[in-house]
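Down below is the structure, laid out as structure tokens.
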Amino acid sequence: MTEAAAIEGLEAYDQLATMVALARADGHCLYANTTLENAVAVSRRALVRGNVLDWFVDAAPMRETLRAMQRDEVTGGRFDALLRRSALAPAEPLRVRVTATQLDPSRRVLLEMTEIEQQTRQDREERALGLARARRELLRNLAHEIKNPLGGIRGAAQLLEMELQARPAPGSARPARAAAVRGLTEYTQVIIHEADRLQALVDRLLAPHRRAQVVGDVNIHEVCERVRLLILAQHPAGLEVERDYDTSIPEFRGDREQLIQAVLNIVRNAVEALADAIAAGRARVLLRTRVVRQCLIGRTRHRLALELLVRDNGPGVPEPIRDRIFDPLVSGRDGGTGLGLTLAQDFVLQHQGTIECDSTPGRTDFRILIPLP
């Protein structure tokens, strides 16, 4: 097979999120896919004119692999390396896992490079997605199982209260009877009140599943502004909500009310953590929007995606719950239901997006990614 034919057959690799290159046995590059071009911010033409050994901060592992292939000692190799980037890209090199495979009988070498951080993020997102789906199904089934006996308990308490109030007593026993009825009625009221409280909790657990999505054109900045005004109305002093918007972001199809609720839950969570800073007049929340290109969500590559960052200067998420922040009924504050972030994640997932949290003392980031058309 000629080099031209081999390169033509690799054009499908332009659709992959993995960085792919084809090189001769001496390292001269014959082909580089779009993902590699974007990752290192170097044009494909420049990459093809060069040698793959020049791409790495330490070329020794690549050089040794190529030499071993030329000596027919191995047909492939795998190693971690630092991939150089253009000055147009972030200054730091990209940490990648390189898989080199010899294509017999031509001895050309196919290189596949995966960003190690990206791989870790993909694995984390996939685990989160799987857990969210399993959790959603579990909660829905559990909520239905709780709801039916809960209604029976409340109804029985109401009937008992009515029976106590309706049953007459002999004349001489009426004062004592009335006092006893009042005491027992207080107990039935406690049962009814607690049943109503649990019913409200069950309703919140079922909320994402009861209402079908109402899909329309969504402007993310209208969503952010709605949330900003609601929060500032509740906290007119001591809190600054900063805006850093990319106004070029296009509208996309989605459920506007779901997204408002998702962002509102995240911002409210941040504001609750900022209670002391608000009292001191130094609380800040940042809403920032950006367009991300060639974005991976799960294992799907999207040409464009919306990135919404919610950042606060609070104390950070407590270490014991940092890995469980999106789990239901997990809360970092007394009296919290732990459902706000769970619902936010559910609503983002329904838009084929993802949400993640990165927290250290003094800064907490919630990052939402949603595919754009």
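Chain labels run A, B, ... following the order of the structure tokens; each chain numbers its residues from 1, and ligands are numbered from 1 in the order shown.
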
| request: List the neighbours of Cys357 in chain A out to 7 Å using only C-alpha atoms; skip same-chain residues closer than 5 positions along the sequence, and give me the result as a VMD selection string. | output: chain A and resid 365 to 367

| said: Need to verify the contact set: range 26-40 of chain A, 8 Å, only C-alpha atoms, exclusion of same-chain residues closer than 2 positions in sequence. Can you return it as a PyMOL selection string? | reply: chain A and resi 3+7+11+13-24+42-44+47-53+66+83-86+89+294

Could you please take those selected residues and save C-alpha atoms as a PDB file, in the first residue's frame?
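To be explicit, this is the file written out as result.pdb:
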ATOM      1  CA  GLU A   3       1.741   6.157   1.669  1.00  0.00           C
ATOM      2  CA  ILE A   7      -3.102   8.338   4.639  1.00  0.00           C
ATOM      3  CA  GLU A  11      -9.143  10.301   7.293  1.00  0.00           C
ATOM      4  CA  TYR A  13      -9.561   9.390  12.477  1.00  0.00           C
ATOM      5  CA  ASP A  14     -10.487  13.074  12.146  1.00  0.00           C
ATOM      6  CA  GLN A  15     -13.790  12.154  13.820  1.00  0.00           C
ATOM      7  CA  LEU A  16     -12.099  10.760  16.930  1.00  0.00           C
ATOM      8  CA  ALA A  17     -11.441  12.525  20.209  1.00  0.00           C
ATOM      9  CA  THR A  18      -8.108  10.661  20.442  1.00  0.00           C
ATOM     10  CA  MET A  19      -4.948  12.262  19.029  1.00  0.00           C
ATOM     11  CA  VAL A  20      -3.718  10.130  16.123  1.00  0.00           C
ATOM     12  CA  ALA A  21      -0.620  10.344  13.893  1.00  0.00           C
ATOM     13  CA  LEU A  22       1.053   8.147  11.284  1.00  0.00           C
ATOM     14  CA  ALA A  23       4.849   8.193  11.000  1.00  0.00           C
ATOM     15  CA  ARG A  24       7.633   6.438   9.153  1.00  0.00           C
ATOM     16  CA  VAL A  42       0.026  23.564  15.464  1.00  0.00           C
ATOM     17  CA  SER A  43      -1.295  23.288  11.913  1.00  0.00           C
ATOM     18  CA  ARG A  44      -1.480  19.869  10.323  1.00  0.00           C
ATOM     19  CA  LEU A  47       3.114  18.695  11.916  1.00  0.00           C
ATOM     20  CA  VAL A  48       3.445  16.646   8.732  1.00  0.00           C
ATOM     21  CA  ARG A  49       6.626  18.484   7.750  1.00  0.00           C
ATOM     22  CA  GLY A  50       8.272  17.563  11.061  1.00  0.00           C
ATOM     23  CA  ASN A  51       9.409  14.569  13.068  1.00  0.00           C
ATOM     24  CA  VAL A  52       7.376  13.051  15.903  1.00  0.00           C
ATOM     25  CA  LEU A  53      10.498  12.974  18.084  1.00  0.00           C
ATOM     26  CA  LEU A  66      11.068   3.343  17.088  1.00  0.00           C
ATOM     27  CA  LEU A  83       3.599  16.638  24.519  1.00  0.00           C
ATOM     28  CA  ARG A  84       4.891  20.077  23.531  1.00  0.00           C
ATOM     29  CA  ARG A  85       2.388  22.775  22.591  1.00  0.00           C
ATOM     30  CA  SER A  86       2.569  25.876  20.468  1.00  0.00           C
ATOM     31  CA  ALA A  89      -1.821  27.072  23.409  1.00  0.00           C
ATOM     32  CA  GLN A 294     -13.835  19.936  20.499  1.00  0.00           C
TER      33      GLN A 294
END

| said: Between CA of Asn219 in chain A and CA of Leu372 in chain A, what is the distance in Å, rounded to a tenth? | reply: 11.4 Å

| field | Among listed residues A:Glu307, A:Asp346, A:Glu117, A:Asp312, nearest Phe326 in chain A (using only C-alpha atoms) | value | A:Asp346

| query | Which is closest to Phe347 in chain A among A:Ala262, A:Leu164, A:Val241, A:Ala275, if we use only C-alpha atoms? | reply |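 Selected residue with least distance to Phe347 in chain A: A:Ala262.
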
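Summary of the local environment: counting only C-alpha atoms, residues at most 6 Å from range 368-370 of chain A, other than itself and those fewer than 5 positions away along its chain, are Ala305, Leu306, Glu307, Leu308, Gly353, Thr354 and Ile355 of chain A.
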
| request: Report the residues of range 180-368 of chain A whose backbone DSSP state falls under alpha helix (DSSP H), written as number ranges by chain. | output: A: 180-210, 220-234, 256-273, 275-280, 340-349

Can I get the selected residues back with C-alpha atoms, as a tab-separated table (two decimals), in the first residue's frame?
chain	number	residue	atom	x	y	z
A	180	ALA	CA	-57.40	13.33	77.55
A	181	VAL	CA	-58.80	13.97	74.08
A	182	ARG	CA	-56.73	17.15	73.78
A	183	GLY	CA	-53.59	15.21	74.72
A	184	LEU	CA	-54.27	12.42	72.26
A	185	THR	CA	-55.20	14.93	69.54
A	186	GLU	CA	-51.77	16.52	69.94
A	187	TYR	CA	-50.23	13.12	69.21
A	188	THR	CA	-52.34	12.66	66.10
A	189	GLN	CA	-51.34	16.15	64.94
A	190	VAL	CA	-47.68	15.20	65.35
A	191	ILE	CA	-48.26	12.11	63.18
A	192	ILE	CA	-50.08	14.15	60.53
A	193	HIS	CA	-47.41	16.89	60.54
A	194	GLU	CA	-44.54	14.42	60.19
A	195	ALA	CA	-46.38	12.52	57.46
A	196	ASP	CA	-46.84	15.81	55.56
A	197	ARG	CA	-43.14	16.61	55.98
A	198	LEU	CA	-42.13	13.23	54.58
A	199	GLN	CA	-44.64	13.63	51.76
A	200	ALA	CA	-43.02	16.94	50.81
A	201	LEU	CA	-39.60	15.23	50.78
A	202	VAL	CA	-40.94	12.44	48.57
A	203	ASP	CA	-42.46	15.01	46.21
A	204	ARG	CA	-39.07	16.69	45.87
A	205	LEU	CA	-37.43	13.35	45.13
A	206	LEU	CA	-39.97	12.69	42.38
A	207	ALA	CA	-39.93	16.25	40.98
A	208	PRO	CA	-37.54	15.62	38.04
A	209	HIS	CA	-39.64	12.66	36.85
A	210	ARG	CA	-43.11	14.18	37.08
A	220	ILE	CA	-28.03	30.93	28.75
A	221	HIS	CA	-27.54	34.56	29.74
A	222	GLU	CA	-31.26	35.02	30.31
A	223	VAL	CA	-31.05	32.00	32.61
A	224	CYS	CA	-28.08	33.48	34.48
A	225	GLU	CA	-29.69	36.90	34.81
A	226	ARG	CA	-32.88	35.40	36.20
A	227	VAL	CA	-30.88	33.55	38.83
A	228	ARG	CA	-28.76	36.62	39.62
A	229	LEU	CA	-31.82	38.81	40.23
A	230	LEU	CA	-33.48	36.19	42.44
A	231	ILE	CA	-30.36	35.80	44.58
A	232	LEU	CA	-29.74	39.55	44.92
A	233	ALA	CA	-33.38	40.08	45.90
A	234	GLN	CA	-32.83	37.65	48.79
A	256	ARG	CA	-35.45	26.93	30.22
A	257	GLU	CA	-37.18	26.36	33.57
A	258	GLN	CA	-35.13	23.25	34.31
A	259	LEU	CA	-31.91	25.11	33.61
A	260	ILE	CA	-32.98	28.08	35.75
A	261	GLN	CA	-33.70	25.67	38.61
A	262	ALA	CA	-30.37	23.87	38.12
A	263	VAL	CA	-28.30	27.08	38.18
A	264	LEU	CA	-30.40	28.51	41.01
A	265	ASN	CA	-29.78	25.41	43.14
A	266	ILE	CA	-26.03	25.68	42.56
A	267	VAL	CA	-25.92	29.40	43.36
A	268	ARG	CA	-28.12	28.96	46.44
A	269	ASN	CA	-25.79	26.22	47.62
A	270	ALA	CA	-22.88	28.65	47.21
A	271	VAL	CA	-24.70	31.47	49.00
A	272	GLU	CA	-25.56	29.22	51.95
A	273	ALA	CA	-21.86	28.44	52.31
A	275	ALA	CA	-23.23	33.12	55.23
A	276	ASP	CA	-20.27	34.41	57.26
A	277	ALA	CA	-18.76	36.22	54.27
A	278	ILE	CA	-22.11	37.90	53.53
A	279	ALA	CA	-22.29	39.13	57.12
A	280	ALA	CA	-18.77	40.54	56.69
A	340	GLY	CA	-30.58	20.80	45.50
A	341	LEU	CA	-27.40	19.58	43.78
A	342	THR	CA	-28.95	16.20	43.02
A	343	LEU	CA	-31.76	17.91	41.11
A	344	ALA	CA	-29.27	20.22	39.40
A	345	GLN	CA	-27.29	17.22	38.16
A	346	ASP	CA	-30.47	15.47	36.97
A	347	PHE	CA	-31.57	18.53	34.98
A	348	VAL	CA	-28.13	18.96	33.38
A	349	LEU	CA	-27.99	15.26	32.46

| CA of Glu240 in chain A to CA of Ala283 in chain A, distance in Å rounded to a single decimal |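 Calculated distance between CA of Glu240 in chain A and CA of Ala283 in chain A is 6.2 Å.
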
| query | Between CA of Gln350 in chain A and CA of Arg324 in chain A, what is the distance, to one decimal in Å? | reply |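 The value is 20.0 Å.
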
Would you mind listing what lies within 6 Å of range 90-105 of chain A as a PDB file with N, CA and C atoms, in the first residue's frame, with only C-alpha atoms counted and same-chain residues fewer than 6 positions away left out?
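Contents of around.pdb, as written:
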ATOM      1  N   THR A  75       6.610  -4.964  18.284  1.00  0.00           N
ATOM      2  CA  THR A  75       5.688  -4.437  17.270  1.00  0.00           C
ATOM      3  C   THR A  75       4.876  -3.267  17.808  1.00  0.00           C
ATOM      4  N   GLY A  76       5.147  -2.879  19.032  1.00  0.00           N
ATOM      5  CA  GLY A  76       4.418  -1.760  19.611  1.00  0.00           C
ATOM      6  C   GLY A  76       4.996  -1.371  20.949  1.00  0.00           C
ATOM      7  N   GLY A  77       4.503  -0.291  21.478  1.00  0.00           N
ATOM      8  CA  GLY A  77       4.956   0.169  22.784  1.00  0.00           C
ATOM      9  C   GLY A  77       3.964   1.141  23.387  1.00  0.00           C
ATOM     10  N   ARG A  78       4.065   1.307  24.687  1.00  0.00           N
ATOM     11  CA  ARG A  78       3.171   2.240  25.386  1.00  0.00           C
ATOM     12  C   ARG A  78       3.970   2.928  26.473  1.00  0.00           C
ATOM     13  N   PHE A  79       3.795   4.241  26.570  1.00  0.00           N
ATOM     14  CA  PHE A  79       4.510   5.013  27.594  1.00  0.00           C
ATOM     15  C   PHE A  79       3.797   6.335  27.811  1.00  0.00           C
ATOM     16  N   ASP A  80       4.079   6.970  28.940  1.00  0.00           N
ATOM     17  CA  ASP A  80       3.560   8.303  29.245  1.00  0.00           C
ATOM     18  C   ASP A  80       4.603   9.340  28.849  1.00  0.00           C
ATOM     19  N   ALA A  81       4.128  10.477  28.373  1.00  0.00           N
ATOM     20  CA  ALA A  81       5.063  11.508  27.908  1.00  0.00           C
ATOM     21  C   ALA A  81       4.421  12.878  28.038  1.00  0.00           C
ATOM     22  N   LEU A  82       5.261  13.908  27.890  1.00  0.00           N
ATOM     23  CA  LEU A  82       4.797  15.292  27.868  1.00  0.00           C
ATOM     24  C   LEU A  82       4.859  15.793  26.432  1.00  0.00           C
ATOM     25  N   LEU A  83       3.722  16.199  25.906  1.00  0.00           N
ATOM     26  CA  LEU A  83       3.599  16.638  24.519  1.00  0.00           C
ATOM     27  C   LEU A  83       3.743  18.153  24.462  1.00  0.00           C
ATOM     28  N   ARG A  84       4.686  18.632  23.656  1.00  0.00           N
ATOM     29  CA  ARG A  84       4.891  20.077  23.531  1.00  0.00           C
ATOM     30  C   ARG A  84       3.675  20.734  22.875  1.00  0.00           C
ATOM     31  N   LEU A 111       0.484   6.187  15.855  1.00  0.00           N
ATOM     32  CA  LEU A 111       0.565   6.720  17.217  1.00  0.00           C
ATOM     33  C   LEU A 111      -0.821   7.155  17.675  1.00  0.00           C
ATOM     34  N   GLU A 112      -1.220   6.681  18.847  1.00  0.00           N
ATOM     35  CA  GLU A 112      -2.463   7.126  19.481  1.00  0.00           C
ATOM     36  C   GLU A 112      -2.092   7.762  20.811  1.00  0.00           C
ATOM     37  N   MET A 113      -2.553   8.975  21.019  1.00  0.00           N
ATOM     38  CA  MET A 113      -2.207   9.711  22.237  1.00  0.00           C
ATOM     39  C   MET A 113      -3.471  10.173  22.937  1.00  0.00           C
ATOM     40  N   THR A 114      -3.590   9.832  24.198  1.00  0.00           N
ATOM     41  CA  THR A 114      -4.755  10.197  25.002  1.00  0.00           C
ATOM     42  C   THR A 114      -4.302  11.067  26.166  1.00  0.00           C
ATOM     43  N   GLU A 115      -4.945  12.200  26.317  1.00  0.00           N
ATOM     44  CA  GLU A 115      -4.628  13.079  27.437  1.00  0.00           C
ATOM     45  C   GLU A 115      -4.972  12.362  28.737  1.00  0.00           C
ATOM     46  N   ILE A 116      -4.003  12.220  29.609  1.00  0.00           N
ATOM     47  CA  ILE A 116      -4.213  11.460  30.842  1.00  0.00           C
ATOM     48  C   ILE A 116      -5.287  12.117  31.707  1.00  0.00           C
TER      49      ILE A 116
END
